[in-house]
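Novice: Sending over structure.cif (mmCIF, C-alpha atoms).
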```cif
data_protein
loop_
_atom_site.label_atom_id
_atom_site.label_comp_id
_atom_site.auth_asym_id
_atom_site.auth_seq_id
_atom_site.Cartn_x
_atom_site.Cartn_y
_atom_site.Cartn_z
CA MET T 155 81.50 144.00 107.88
CA GLN T 156 79.84 147.41 107.98
CA ASN T 157 78.62 149.99 105.50
CA THR T 158 81.11 152.76 104.75
CA THR T 159 78.76 155.62 105.69
CA ALA T 160 75.31 156.03 107.09
CA GLU T 161 73.92 157.09 103.70
CA SER T 162 75.80 154.45 101.69
CA SER T 163 74.42 150.98 101.00
CA VAL T 164 77.78 149.70 99.74
CA GLU T 165 79.15 146.89 101.87
CA GLN T 166 82.90 146.42 102.01
CA VAL T 167 84.99 143.25 102.04
CA ASP T 168 88.58 142.44 101.24
CA VAL T 169 87.82 139.76 98.66
CA ALA T 170 84.57 138.91 96.90
CA ILE T 171 84.42 135.48 95.24
CA ILE T 172 81.66 134.68 92.76
CA GLY T 173 80.83 130.97 93.00
CA ALA T 174 81.16 128.39 95.78
CA GLY T 175 82.40 125.43 93.71
CA PRO T 176 85.89 123.96 94.09
CA ALA T 177 87.76 126.99 92.73
CA GLY T 178 85.82 129.43 94.90
CA ALA T 179 86.02 127.24 97.99
CA ALA T 180 89.78 126.73 97.62
CA ALA T 181 90.50 130.43 97.19
CA ALA T 182 88.08 131.39 99.98
CA ALA T 183 89.62 128.88 102.39
CA TRP T 184 93.16 130.05 101.64
CA LEU T 185 92.34 133.75 101.97
CA ALA T 186 90.13 133.40 105.03
CA ARG T 187 92.82 131.39 106.78
CA ALA T 188 95.19 134.27 106.00
CA GLY T 189 92.89 136.62 107.95
CA LEU T 190 91.16 138.43 105.08
CA ARG T 191 87.45 139.28 104.99
CA VAL T 192 86.07 136.99 102.31
CA ARG T 193 82.51 137.00 100.93
CA VAL T 194 81.49 134.17 98.59
CA LEU T 195 78.47 134.84 96.36
CA GLU T 196 76.76 131.68 95.13
CA GLN T 197 73.66 131.67 92.93
CA SER T 198 72.60 128.12 93.82
CA GLN T 199 71.47 126.65 97.10
CA PHE T 200 73.84 123.90 98.23
CA PRO T 201 73.97 120.95 97.96
CA ARG T 202 73.49 121.09 94.20
CA PHE T 203 74.21 118.63 91.42
CA SER T 204 77.21 119.04 89.13
CA ILE T 205 79.06 116.81 86.71
CA GLY T 206 82.86 116.57 86.75
CA GLU T 207 82.83 113.79 89.33
CA SER T 208 86.17 112.08 88.81
CA LEU T 209 89.10 113.89 90.43
CA LEU T 210 92.78 113.71 89.47
CA PRO T 211 95.54 113.02 92.04
CA GLN T 212 97.06 116.49 91.60
CA CYS T 213 93.89 117.81 93.28
CA MET T 214 95.00 116.34 96.60
CA HIS T 215 97.95 118.73 96.81
CA TYR T 216 95.74 121.78 96.26
CA LEU T 217 93.13 120.62 98.76
CA ASP T 218 95.85 120.16 101.35
CA ALA T 219 97.50 123.51 100.59
CA CYS T 220 94.18 125.34 100.95
CA GLY T 221 93.25 123.62 104.22
CA LEU T 222 90.39 121.56 102.78
CA LEU T 223 91.81 118.04 102.59
CA ALA T 224 90.41 116.90 105.96
CA ALA T 225 86.96 118.23 105.05
CA ALA T 226 87.03 116.24 101.81
CA GLU T 227 88.42 113.08 103.42
CA ALA T 228 85.43 112.99 105.77
CA GLY T 229 83.21 112.25 102.77
CA GLY T 230 84.42 108.65 102.49
CA PHE T 231 84.56 108.92 98.71
CA GLN T 232 85.41 106.17 96.24
CA TYR T 233 89.16 105.52 95.97
CA LYS T 234 90.64 106.14 92.51
CA ASP T 235 94.08 105.06 91.31
CA GLY T 236 93.88 105.37 87.54
CA ALA T 237 91.91 105.31 84.31
CA ALA T 238 90.77 102.31 82.26
CA PHE T 239 90.00 102.48 78.54
CA CYS T 240 88.03 100.21 76.23
CA TRP T 241 87.38 100.10 72.49
CA ARG T 242 85.82 97.11 70.77
CA ASP T 243 87.73 94.14 72.23
CA GLN T 244 90.72 96.24 73.31
CA THR T 245 91.41 97.38 76.87
CA ALA T 246 94.15 99.44 78.47
CA ALA T 247 94.78 100.98 81.87
CA ILE T 248 96.78 103.93 83.14
CA GLN T 249 97.99 103.55 86.73
CA PHE T 250 98.43 106.93 88.37
CA THR T 251 100.78 105.55 91.02
CA GLU T 252 103.23 104.77 88.21
CA LYS T 253 103.49 108.34 86.95
CA PHE T 254 106.50 110.39 85.92
CA SER T 255 105.86 113.36 88.23
CA PRO T 256 106.22 113.40 92.03
CA GLY T 257 103.15 113.92 94.18
CA PRO T 258 99.98 112.05 95.16
CA GLY T 259 99.08 109.13 92.91
CA THR T 260 95.55 108.43 94.13
CA THR T 261 92.38 110.46 94.59
CA TRP T 262 88.58 109.98 94.63
CA GLN T 263 85.47 109.67 92.51
CA VAL T 264 82.95 112.04 94.07
CA PRO T 265 79.27 112.92 93.85
CA ARG T 266 79.82 116.62 93.42
CA ALA T 267 76.80 117.72 95.46
CA ASP T 268 78.40 116.22 98.58
CA PHE T 269 82.00 117.02 97.65
CA ASP T 270 81.38 120.68 96.82
CA GLN T 271 79.30 121.21 99.95
CA ARG T 272 82.05 119.77 102.13
CA LEU T 273 84.60 122.09 100.53
CA ILE T 274 82.59 125.27 100.97
CA GLN T 275 81.69 124.28 104.52
CA GLY T 276 85.41 123.82 105.11
CA ALA T 277 85.99 127.34 103.82
CA GLN T 278 83.25 128.64 106.11
CA ALA T 279 84.89 126.90 109.07
CA LEU T 280 88.07 128.79 108.23
CA GLY T 281 86.23 132.12 108.32
CA ALA T 282 84.78 132.71 104.85
CA ASP T 283 81.30 134.26 104.69
CA VAL T 284 79.02 132.62 102.10
CA LEU T 285 75.81 134.07 100.69
CA PHE T 286 73.77 131.43 98.86
CA GLY T 287 70.92 132.08 96.42
CA CYS T 288 72.21 135.43 95.20
CA LYS T 289 72.73 136.57 91.62
CA VAL T 290 75.42 138.96 90.44
CA THR T 291 73.79 141.46 88.05
CA ASP T 292 76.56 143.96 87.36
CA PHE T 293 80.27 144.48 87.86
CA THR T 294 82.50 147.55 87.76
CA PRO T 295 86.19 146.73 87.32
CA ASP T 296 88.60 148.89 89.25
CA ALA T 297 92.22 148.32 90.24
CA LEU T 298 91.55 149.35 93.84
CA HIS T 299 87.81 149.09 94.51
CA PRO T 300 85.92 146.82 92.09
CA GLN T 301 82.18 146.76 92.76
CA ILE T 302 79.50 144.10 92.40
CA ARG T 303 75.75 144.53 92.22
CA LEU T 304 73.69 141.55 93.28
CA VAL T 305 70.21 140.39 94.14
CA THR T 306 69.80 138.19 97.21
CA ALA T 307 67.60 135.11 97.49
CA GLU T 308 65.00 137.36 99.12
CA GLY T 309 65.02 139.76 96.16
CA GLU T 310 66.97 142.51 97.88
CA GLU T 311 69.37 144.51 95.70
CA GLN T 312 72.80 145.02 97.23
CA GLN T 313 76.08 146.59 96.26
CA LEU T 314 79.37 145.11 97.40
CA GLN T 315 82.75 146.81 97.20
CA ALA T 316 85.85 144.67 97.44
CA ARG T 317 89.56 145.20 97.21
CA PHE T 318 89.73 142.30 94.77
CA VAL T 319 87.22 140.01 93.02
CA LEU T 320 87.71 136.39 91.97
CA ASP T 321 85.23 134.84 89.56
CA ALA T 322 84.73 131.12 90.23
CA SER T 323 81.24 130.97 88.72
CA GLY T 324 81.97 127.96 86.51
CA TYR T 325 79.73 127.55 83.48
CA GLY T 326 77.94 130.77 84.52
CA ARG T 327 81.11 132.67 83.51
CA VAL T 328 79.77 135.82 85.16
CA LEU T 329 82.66 138.24 84.73
CA ALA T 330 83.64 136.94 81.29
CA ARG T 331 80.17 137.95 80.14
CA LEU T 332 79.94 141.23 82.02
CA THR T 333 83.39 142.43 80.96
CA GLY T 334 83.29 141.25 77.35
CA LEU T 335 86.20 138.84 77.79
CA ALA T 336 84.32 135.76 76.58
CA CYS T 337 85.37 134.33 73.22
CA GLU T 338 84.95 131.16 71.19
CA SER T 339 86.86 128.00 72.08
CA VAL T 340 89.09 126.32 69.50
CA LEU T 341 87.45 123.02 70.46
CA GLU T 342 84.45 121.71 68.56
CA SER T 343 81.02 122.04 70.12
CA ARG T 344 79.90 118.75 71.64
CA CYS T 345 76.97 117.40 73.64
CA ALA T 346 77.01 115.25 76.79
CA LEU T 347 74.12 113.12 78.08
CA PHE T 348 74.48 111.73 81.59
CA MET T 349 72.69 110.15 84.56
CA HIS T 350 73.27 108.46 87.90
CA VAL T 351 72.46 104.78 88.31
CA GLU T 352 72.53 102.07 90.91
CA ASP T 353 75.11 100.24 88.85
CA ARG T 354 74.71 96.69 90.29
CA ILE T 355 77.88 95.68 88.47
CA ASP T 356 78.72 92.01 89.07
CA THR T 357 81.38 91.55 86.37
CA ALA T 358 84.45 89.94 87.92
CA ASP T 359 87.09 91.86 85.98
CA TYR T 360 85.65 95.33 86.63
CA ASP T 361 88.04 97.65 88.52
CA ARG T 362 85.99 100.02 90.64
CA ASN T 363 89.09 102.03 91.52
CA LYS T 364 89.32 103.50 88.03
CA ILE T 365 87.19 105.68 85.83
CA LEU T 366 86.24 103.73 82.70
CA ILE T 367 86.46 105.64 79.41
CA GLY T 368 85.04 103.86 76.39
CA ILE T 369 85.11 104.66 72.68
CA HIS T 370 82.14 103.83 70.45
CA PRO T 371 83.04 100.85 68.22
CA GLN T 372 81.95 102.52 64.96
CA LEU T 373 81.40 106.25 65.58
CA PRO T 374 84.54 108.41 65.72
CA GLY T 375 84.37 111.12 68.34
CA VAL T 376 81.76 109.41 70.53
CA TRP T 377 82.98 108.28 73.92
CA TYR T 378 81.59 107.19 77.30
CA TRP T 379 82.37 107.57 80.96
CA LEU T 380 81.57 105.32 83.91
CA ILE T 381 82.47 106.78 87.31
CA PRO T 382 81.67 104.52 90.29
CA PHE T 383 80.86 105.98 93.70
CA SER T 384 81.40 104.43 97.12
CA ASP T 385 77.66 103.86 97.73
CA GLY T 386 77.10 101.47 94.81
CA ARG T 387 75.93 104.18 92.48
CA ALA T 388 77.73 105.50 89.42
CA SER T 389 77.77 108.42 87.03
CA VAL T 390 77.36 107.37 83.40
CA GLY T 391 77.56 109.55 80.32
CA VAL T 392 78.12 109.72 76.59
CA VAL T 393 79.71 112.56 74.63
CA GLY T 394 79.38 113.24 70.90
CA ASP T 395 78.01 115.71 68.41
CA ARG T 396 74.40 116.65 68.90
CA ALA T 397 73.14 115.20 65.61
CA THR T 398 74.62 111.77 66.29
CA LEU T 399 73.18 111.57 69.80
CA GLU T 400 69.73 112.81 68.81
CA GLN T 401 69.41 110.14 66.16
CA ALA T 402 69.65 107.47 68.87
CA GLY T 403 66.19 108.00 70.38
CA LEU T 404 63.14 110.18 70.93
CA ASP T 405 64.32 111.76 74.18
CA ASP T 406 67.60 112.10 76.06
CA ALA T 407 66.99 109.14 78.38
CA GLU T 408 66.25 106.85 75.45
CA ARG T 409 69.24 108.22 73.55
CA LEU T 410 71.64 107.66 76.42
CA TRP T 411 70.54 104.09 77.06
CA ALA T 412 70.60 103.29 73.34
CA MET T 413 74.14 104.61 72.99
CA LEU T 414 75.29 102.66 76.05
CA ARG T 415 73.93 99.43 74.59
CA GLN T 416 76.00 100.03 71.44
CA GLU T 417 79.28 99.70 73.35
CA PRO T 418 79.82 96.02 74.36
CA ARG T 419 81.72 96.64 77.61
CA TYR T 420 79.18 99.19 78.88
CA ALA T 421 76.26 97.03 77.78
CA GLU T 422 77.63 94.17 79.87
CA LEU T 423 78.57 96.23 82.93
CA LEU T 424 75.26 98.08 83.08
CA LYS T 425 72.92 95.20 82.22
CA ASN T 426 71.39 95.33 85.72
CA ALA T 427 71.68 99.10 86.29
CA VAL T 428 68.73 101.14 87.50
CA GLN T 429 68.57 104.84 86.73
CA VAL T 430 68.20 106.95 89.89
CA ARG T 431 68.59 110.47 88.50
CA ASP T 432 66.95 112.06 85.47
CA THR T 433 69.04 112.24 82.34
CA GLY T 434 70.90 115.52 82.04
CA ARG T 435 72.26 117.31 79.01
CA LEU T 436 75.16 119.72 78.67
CA GLU T 437 76.24 121.07 75.31
CA GLY T 438 78.36 123.80 73.84
CA TYR T 439 80.34 123.71 77.07
CA SER T 440 83.84 124.39 75.73
CA ALA T 441 84.62 128.04 76.40
CA ALA T 442 87.53 130.46 76.37
CA VAL T 443 88.38 134.05 77.30
CA LYS T 444 90.64 136.72 75.83
CA GLN T 445 92.32 137.25 79.19
CA LEU T 446 92.12 135.72 82.69
CA HIS T 447 92.48 138.94 84.65
CA GLY T 448 91.63 142.64 84.60
CA PRO T 449 91.56 145.69 86.88
CA GLY T 450 90.85 144.31 90.33
CA PHE T 451 89.72 140.83 89.26
CA ALA T 452 90.82 137.40 88.02
CA LEU T 453 88.98 134.42 86.54
CA LEU T 454 89.29 130.95 88.07
CA GLY T 455 88.57 127.50 86.68
CA ASN T 456 85.67 127.12 84.27
CA ALA T 457 84.80 130.80 84.65
CA GLY T 458 87.83 131.38 82.45
CA GLU T 459 88.23 128.38 80.20
CA PHE T 460 86.64 124.95 80.06
CA LEU T 461 88.01 122.33 77.71
CA ASP T 462 86.21 118.98 77.69
CA PRO T 463 85.22 116.36 80.26
CA VAL T 464 87.21 113.52 78.70
CA PHE T 465 90.19 113.62 81.10
CA SER T 466 88.40 115.08 84.14
CA SER T 467 90.65 118.14 84.09
CA GLY T 468 87.97 120.62 85.17
CA VAL T 469 88.25 120.33 88.97
CA THR T 470 92.04 120.13 88.78
CA ILE T 471 92.24 123.36 86.77
CA ALA T 472 89.72 124.94 89.15
CA LEU T 473 91.68 124.02 92.28
CA HIS T 474 95.01 124.94 90.67
CA SER T 475 93.69 128.37 89.71
CA GLY T 476 92.35 129.04 93.22
CA TRP T 477 95.60 127.85 94.80
CA LEU T 478 97.61 130.01 92.40
CA ALA T 479 95.50 133.17 92.70
CA ALA T 480 94.92 133.33 96.46
CA PRO T 481 98.52 134.13 97.51
CA LEU T 482 98.72 136.74 94.76
CA VAL T 483 95.59 138.43 96.05
CA GLN T 484 97.02 138.48 99.56
CA ARG T 485 100.29 139.98 98.33
CA GLN T 486 98.47 142.66 96.35
CA LEU T 487 96.28 143.61 99.30
CA GLN T 488 99.42 143.90 101.41
CA GLY T 489 100.66 146.59 99.04
CA GLU T 490 102.86 144.60 96.68
CA THR T 491 102.71 145.12 92.94
CA VAL T 492 101.57 141.87 91.35
CA ASP T 493 102.05 141.22 87.65
CA TRP T 494 98.98 139.07 87.06
CA GLN T 495 100.04 138.27 83.51
CA THR T 496 103.32 136.62 84.46
CA ALA T 497 102.38 135.37 87.94
CA PHE T 498 98.90 134.01 87.17
CA GLU T 499 97.78 134.02 83.54
CA GLN T 500 100.87 132.57 81.89
CA PRO T 501 101.51 129.76 84.37
CA LEU T 502 97.83 128.80 84.58
CA ARG T 503 97.46 128.73 80.80
CA ALA T 504 100.58 126.57 80.48
CA GLY T 505 98.83 123.63 82.15
CA VAL T 506 95.53 124.32 80.41
CA ASP T 507 97.37 124.27 77.09
CA THR T 508 98.82 120.85 77.93
CA PHE T 509 95.39 119.46 78.74
CA ARG T 510 94.04 121.00 75.52
CA GLU T 511 96.66 119.22 73.44
CA PHE T 512 95.68 115.92 75.05
CA VAL T 513 91.99 116.61 74.36
CA LEU T 514 92.74 117.40 70.71
CA ALA T 515 94.87 114.25 70.44
CA TRP T 516 92.04 112.22 71.94
CA TYR T 517 89.49 113.33 69.36
CA ASP T 518 91.76 113.05 66.33
CA GLY T 519 92.77 109.51 67.36
CA ARG T 520 96.44 110.08 68.20
CA LEU T 521 96.06 109.56 71.95
CA PRO T 522 93.91 106.40 71.79
CA ARG T 523 96.47 104.99 69.36
CA ILE T 524 99.18 105.67 71.93
CA ILE T 525 97.19 104.38 74.91
CA PHE T 526 96.20 101.11 73.22
CA ASN T 527 99.79 100.44 72.13
CA GLU T 528 100.74 97.53 74.38
CA ARG T 529 104.42 97.91 73.49
CA GLN T 530 104.67 101.46 74.75
CA PRO T 531 107.85 101.84 76.86
CA GLU T 532 107.17 102.17 80.58
CA ARG T 533 108.85 105.59 80.71
CA ILE T 534 106.50 106.93 78.03
CA ARG T 535 103.50 105.41 79.78
CA SER T 536 104.59 107.06 83.03
CA MET T 537 104.73 110.45 81.27
CA ILE T 538 101.21 109.96 79.93
CA SER T 539 100.07 108.83 83.37
CA ALA T 540 101.44 112.01 84.94
CA VAL T 541 99.46 114.30 82.64
CA LEU T 542 96.27 112.24 83.02
CA ALA T 543 96.83 112.37 86.81
CA GLY T 544 96.70 116.16 86.60
CA TYR T 545 100.40 117.04 86.59
CA ALA T 546 100.04 119.23 83.51
CA TRP T 547 102.25 121.95 84.99
CA ASP T 548 105.32 119.72 85.45
CA ALA T 549 107.59 121.09 82.72
CA SER T 550 110.19 118.42 83.47
CA ASN T 551 107.82 115.97 81.75
CA PRO T 552 108.56 116.00 77.99
CA LEU T 553 104.85 115.47 77.29
CA VAL T 554 104.19 118.75 79.12
CA ALA T 555 107.13 120.72 77.75
CA ALA T 556 106.34 119.86 74.12
CA SER T 557 102.93 118.19 74.14
CA ARG T 558 101.89 118.47 70.52
CA ARG T 559 105.19 117.50 68.94
CA ARG T 560 105.79 114.55 71.23
CA LEU T 561 102.22 113.27 70.91
CA ASP T 562 102.66 113.41 67.13
CA VAL T 563 105.87 111.39 67.35
CA LEU T 564 104.38 108.82 69.73
CA ALA T 565 101.29 108.37 67.57
CA GLN T 566 103.41 107.86 64.46
CA SER T 567 105.63 105.36 66.24
CA SER T 568 102.67 103.34 67.59
CA ILE T 569 102.47 101.35 64.39
CA GLU T 570 101.49 98.20 66.26
CA SER T 571 98.61 99.83 68.11
CA PRO T 572 95.29 98.13 67.33
CA PHE T 573 93.44 101.46 67.45
CA ASP T 574 92.30 102.57 64.00
CA LEU T 575 88.83 104.04 63.62
CA THR T 576 89.03 103.69 59.84
CA GLN T 577 88.90 99.91 60.14
CA ALA T 578 85.61 98.11 60.53
CA PRO T 579 85.38 95.61 63.40
CA ALA T 580 86.01 91.98 62.57
#
```
Once more with this new file: its structure as structure tokens, please.
Specialist:
Amino acid sequence: MQNTTAESSVEQVDVAIIGAGPAGAAAAAWLARAGLRVRVLEQSQFPRFSIGESLLPQCMHYLDACGLLAAAEAGGFQYKDGAAFCWRDQTAAIQFTEKFSPGPGTTWQVPRADFDQRLIQGAQALGADVLFGCKVTDFTPDALHPQIRLVTAEGEEQQLQARFVLDASGYGRVLARLTGLACESVLESRCALFMHVEDRIDTADYDRNKILIGIHPQLPGVWYWLIPFSDGRASVGVVGDRATLEQAGLDDAERLWAMLRQEPRYAELLKNAVQVRDTGRLEGYSAAVKQLHGPGFALLGNAGEFLDPVFSSGVTIALHSGWLAAPLVQRQLQGETVDWQTAFEQPLRAGVDTFREFVLAWYDGRLPRIIFNERQPERIRSMISAVLAGYAWDASNPLVAASRRRLDVLAQSSIESPFDLTQAPA
């Protein structure tokens, strides 16, 4: 890659990608394998910590399609075949291998520092150029030659001209901020506290092949995650409104442990756990944008919209967006006219909308009522399983095609479900 003229400091590439997480790595791998000059701009130095550690089976298809499955498989990550739920003395499990939609039914639980590094290294092996430790400071949209200003890790200011730009900056949401596309999410603002532990779980009935999602026995809207890793460690977190969590202790570590002890299943499972990473906090994370594309650019994954961590949809949406956008970029750079609204925005938002309806149904109690209904027909359970396995774009699934209406009907028909947050525990 060379400067355009002797007096110009503008470097030229075919595609610039902001962010080296899963969305950026997937798009970079796909485009580099297609022979395009790809430059990935990542503000962090890898490996770096990230939450969002439980994948969904749909991810496996995207990793394979983008040429990154072998790189991920080499990580030896924890096998995952479903999701388990607990509330008071009630338990339920969703088996992803028994889903409505075709496709992979298993995946992994992953420490993201290792997982993300393996993906971006896979993209590099396919020809993508990655610049770590750089910060994008300005962006000029343009249908043919969008430009990026950045500062390198060494403090050098650079200007990069691309033929197309993809923003995969995650929570940084670089282009949404710089172009004025950011807007408020319809989801309530929530707070997550989390840590890594040596879990030392010795409970006989614990299924390490599933993420465990728990609901606080008395506090509506407060839920927990327990994501086991293959090395005996686990990611543990609690999500709720800030005021509720802050009343639980003097600092975030004390608050997290106090909340965990209030849920009987978690208290038992983690009775021997030892914290091995400082407690982290993430709040106000739900975000949205007015539009997912503009002149010469498109937004991928969390850089566009992030919903909620409850069903681990973040990495799936990220990989889906990279997988969807990359061929469109290639077609456009080959001279085709691409309608980004109909070919990218509308289909991507269709799946995001499905996940959003499930998130809303989780917090208002409809979905737990459905999940804890032991008499749910197997066909209905398979439809739920498919969405929770990431197949939120499968319109042949009635729970995708008409999510809100059908979730309403299922919740109303689950009259024998034990889940009712208005009732005090016995």
Novice: Under the rule of at most 9 Å, produce a per-residue listing of stretch 375-441 of chain T near stretch 347-357 of chain T: chain, number, name, the closest pair of atoms, and the distance in Å, as a tab-separated table, using all atoms listed in the file.
Specialist:
```
residue	atom	partner	partner_atom	distance
T:Trp379	CA	T:Phe348	CA	8.9
T:Pro382	CA	T:Asp353	CA	8.0
T:Asp385	CA	T:Glu352	CA	8.7
T:Gly386	CA	T:Glu352	CA	6.0
T:Arg387	CA	T:Glu352	CA	4.3
T:Ala388	CA	T:Val351	CA	5.4
T:Ser389	CA	T:His350	CA	4.6
T:Val390	CA	T:Phe348	CA	5.5
T:Gly391	CA	T:Phe348	CA	4.0
T:Val392	CA	T:Leu347	CA	5.5
T:Val393	CA	T:Leu347	CA	6.6
T:Gly394	CA	T:Leu347	CA	8.9
T:Leu399	CA	T:Leu347	CA	8.5
T:Asp406	CA	T:Leu347	CA	6.9
T:Ala407	CA	T:Leu347	CA	8.2
T:Arg409	CA	T:Leu347	CA	8.3
T:Leu410	CA	T:Leu347	CA	6.2
T:Glu422	CA	T:Thr357	CA	7.9
T:Leu423	CA	T:Ile355	CA	5.6
T:Leu424	CA	T:Asp353	CA	6.2
T:Lys425	CA	T:Ile355	CA	8.0
T:Asn426	CA	T:Arg354	CA	5.8
T:Ala427	CA	T:Asp353	CA	4.4
T:Val428	CA	T:Glu352	CA	5.2
T:Gln429	CA	T:Val351	CA	4.2
T:Val430	CA	T:Val351	CA	5.0
T:Arg431	CA	T:His350	CA	5.1
T:Asp432	CA	T:Met349	CA	6.1
T:Thr433	CA	T:Met349	CA	4.8
T:Gly434	CA	T:Phe348	CA	5.2
T:Arg435	CA	T:Leu347	CA	4.7
T:Leu436	CA	T:Leu347	CA	6.7
T:Glu437	CA	T:Leu347	CA	8.7
```
Novice: Return as a list in words the set of residues that the PyMOL selection byres ((chain T and resi 532-544) around 8) yields on the displayed structure.
Specialist: Leu210, Pro211, Gln212, Cys213, Gly236, Ile248, Gln249, Phe250, Glu252, Lys253, Phe254, Ser255, Gly259, Phe465, Ser467, Thr470, Phe509, Gln530, Pro531, Tyr545, Ala546, Asn551, Pro552, Leu553 and Val554 of chain T
Novice: So what do you get for atom CA of T:His370 versus atom CA of T:Ile205, distance-wise?
Specialist: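 A separation of 21.0 Å between them.
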Novice: To verify the selection step, state as a list in words which residues the PyMOL selection byres ((chain T and resi 525) around 9) yields on this input.
Specialist: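 Applying the expression gives Phe239, Ala246, Ala247, Ile248, Arg520, Leu521, Pro522, Arg523, Ile524, Phe526, Asn527, Glu528, Gln530, Arg535, Ile538, Ser571 and Phe573 of chain T.
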Novice: Check which residues satisfy the PyMOL selection byres ((chain T and resi 162-171) around 10) in the file shown, then give them as JSON, numbers by chain.
Specialist: {"T": [155, 156, 157, 158, 159, 160, 161, 172, 173, 174, 177, 178, 179, 181, 182, 185, 186, 189, 190, 191, 192, 193, 194, 195, 196, 282, 283, 284, 299, 300, 301, 302, 303, 311, 312, 313, 314, 315, 316, 317, 318, 319, 320, 321, 322, 323, 450, 451, 452, 453, 454, 480, 483, 484, 487]}
Novice: Can you work out the spacing between atom CA of T:Asp243 and atom CA of T:Glu417 in Å, to one decimal?
Specialist: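 Those two atoms sit 10.2 Å apart.
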Novice: Please report the interatomic distance between atom CA of T:Tyr233 and atom CA of T:Trp262 in Å with one decimal.
Specialist: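 Atom-to-atom, atom CA of T:Tyr233 and atom CA of T:Trp262 are spaced 4.7 Å apart.
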Novice: From the options T:Trp377, T:Tyr517, T:Phe200, T:Phe269, which residue's atoms come nearest to T:Leu223, counting only C-alpha atoms?
Specialist: T:Phe269
Novice: Once 4 Å is added on each side, what centre and edge lengths in Å to one decimal does the axis-aligned box around all listed atoms of stretch 231-246 of chain T have, as AutoDock Vina command-line options?
Specialist:
```
--center_x 89.4 --center_y 101.5 --center_z 84.7 --size_x 17.6 --size_y 22.8 --size_z 35.9
```
Novice: Would you please work out which residue, of T:Gln401, T:Pro295, T:Ala277, T:Cys288, is nearest to T:Ala307 when using all atoms listed in the file?
Specialist: T:Cys288
Novice: Could you list, as a list in words, every residue within 8 Å of stretch 492-497 of chain T, counting only C-alpha atoms and ignoring same-chain residues fewer than 4 positions away?
Specialist: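 What passes the distance filter is His447, Leu482, Arg485, Gln486 and Pro501 of chain T.
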Novice: Given the choices T:Ser475, T:Ser208, T:Gln244, T:Gln488, which gets closest to T:Arg503 if the distance is worked out from all atoms listed in the file?
Specialist: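 Closest residue, counting all atoms listed in the file: T:Ser475.
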Novice: Could you check which of T:Asp518, T:Asp218, T:Glu308, T:Asp292 is closest to T:Pro374, using all atoms listed in the file?
Specialist: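 Checking each candidate against T:Pro374, we get T:Asp518 as the closest.
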Novice: Which residue gives the smallest distance to T:Leu366 among T:Asn456, T:Thr261, T:Ala238, T:His474, with all atoms listed in the file counted?
Specialist: T:Ala238
Novice: From the options T:Val340, T:Ala358, T:Ala549, T:Leu304, which residue's atoms come nearest to T:Phe460, counting only C-alpha atoms?
Specialist: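 Among the listed residues, the smallest separation from T:Phe460 belongs to T:Val340.
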Novice: Write out as a compact mmCIF listing (two decimals) with C-alpha atoms, in the coordinates of the input the residues lying within 9 Å of T:Ala457, counting only C-alpha atoms and excluding same-chain residues fewer than 4 positions away.
Specialist:
```
# COMPACT_ATOMS: atom_id res chain seq x y z
CA ASP T 321 85.23 134.84 89.56
CA ALA T 322 84.73 131.12 90.23
CA SER T 323 81.24 130.97 88.72
CA GLY T 324 81.97 127.96 86.51
CA TYR T 325 79.73 127.55 83.48
CA GLY T 326 77.94 130.77 84.52
CA ARG T 327 81.11 132.67 83.51
CA VAL T 328 79.77 135.82 85.16
CA LEU T 329 82.66 138.24 84.73
CA ALA T 330 83.64 136.94 81.29
CA ALA T 441 84.62 128.04 76.40
CA ALA T 442 87.53 130.46 76.37
CA VAL T 443 88.38 134.05 77.30
CA LEU T 453 88.98 134.42 86.54
CA ALA T 472 89.72 124.94 89.15
```
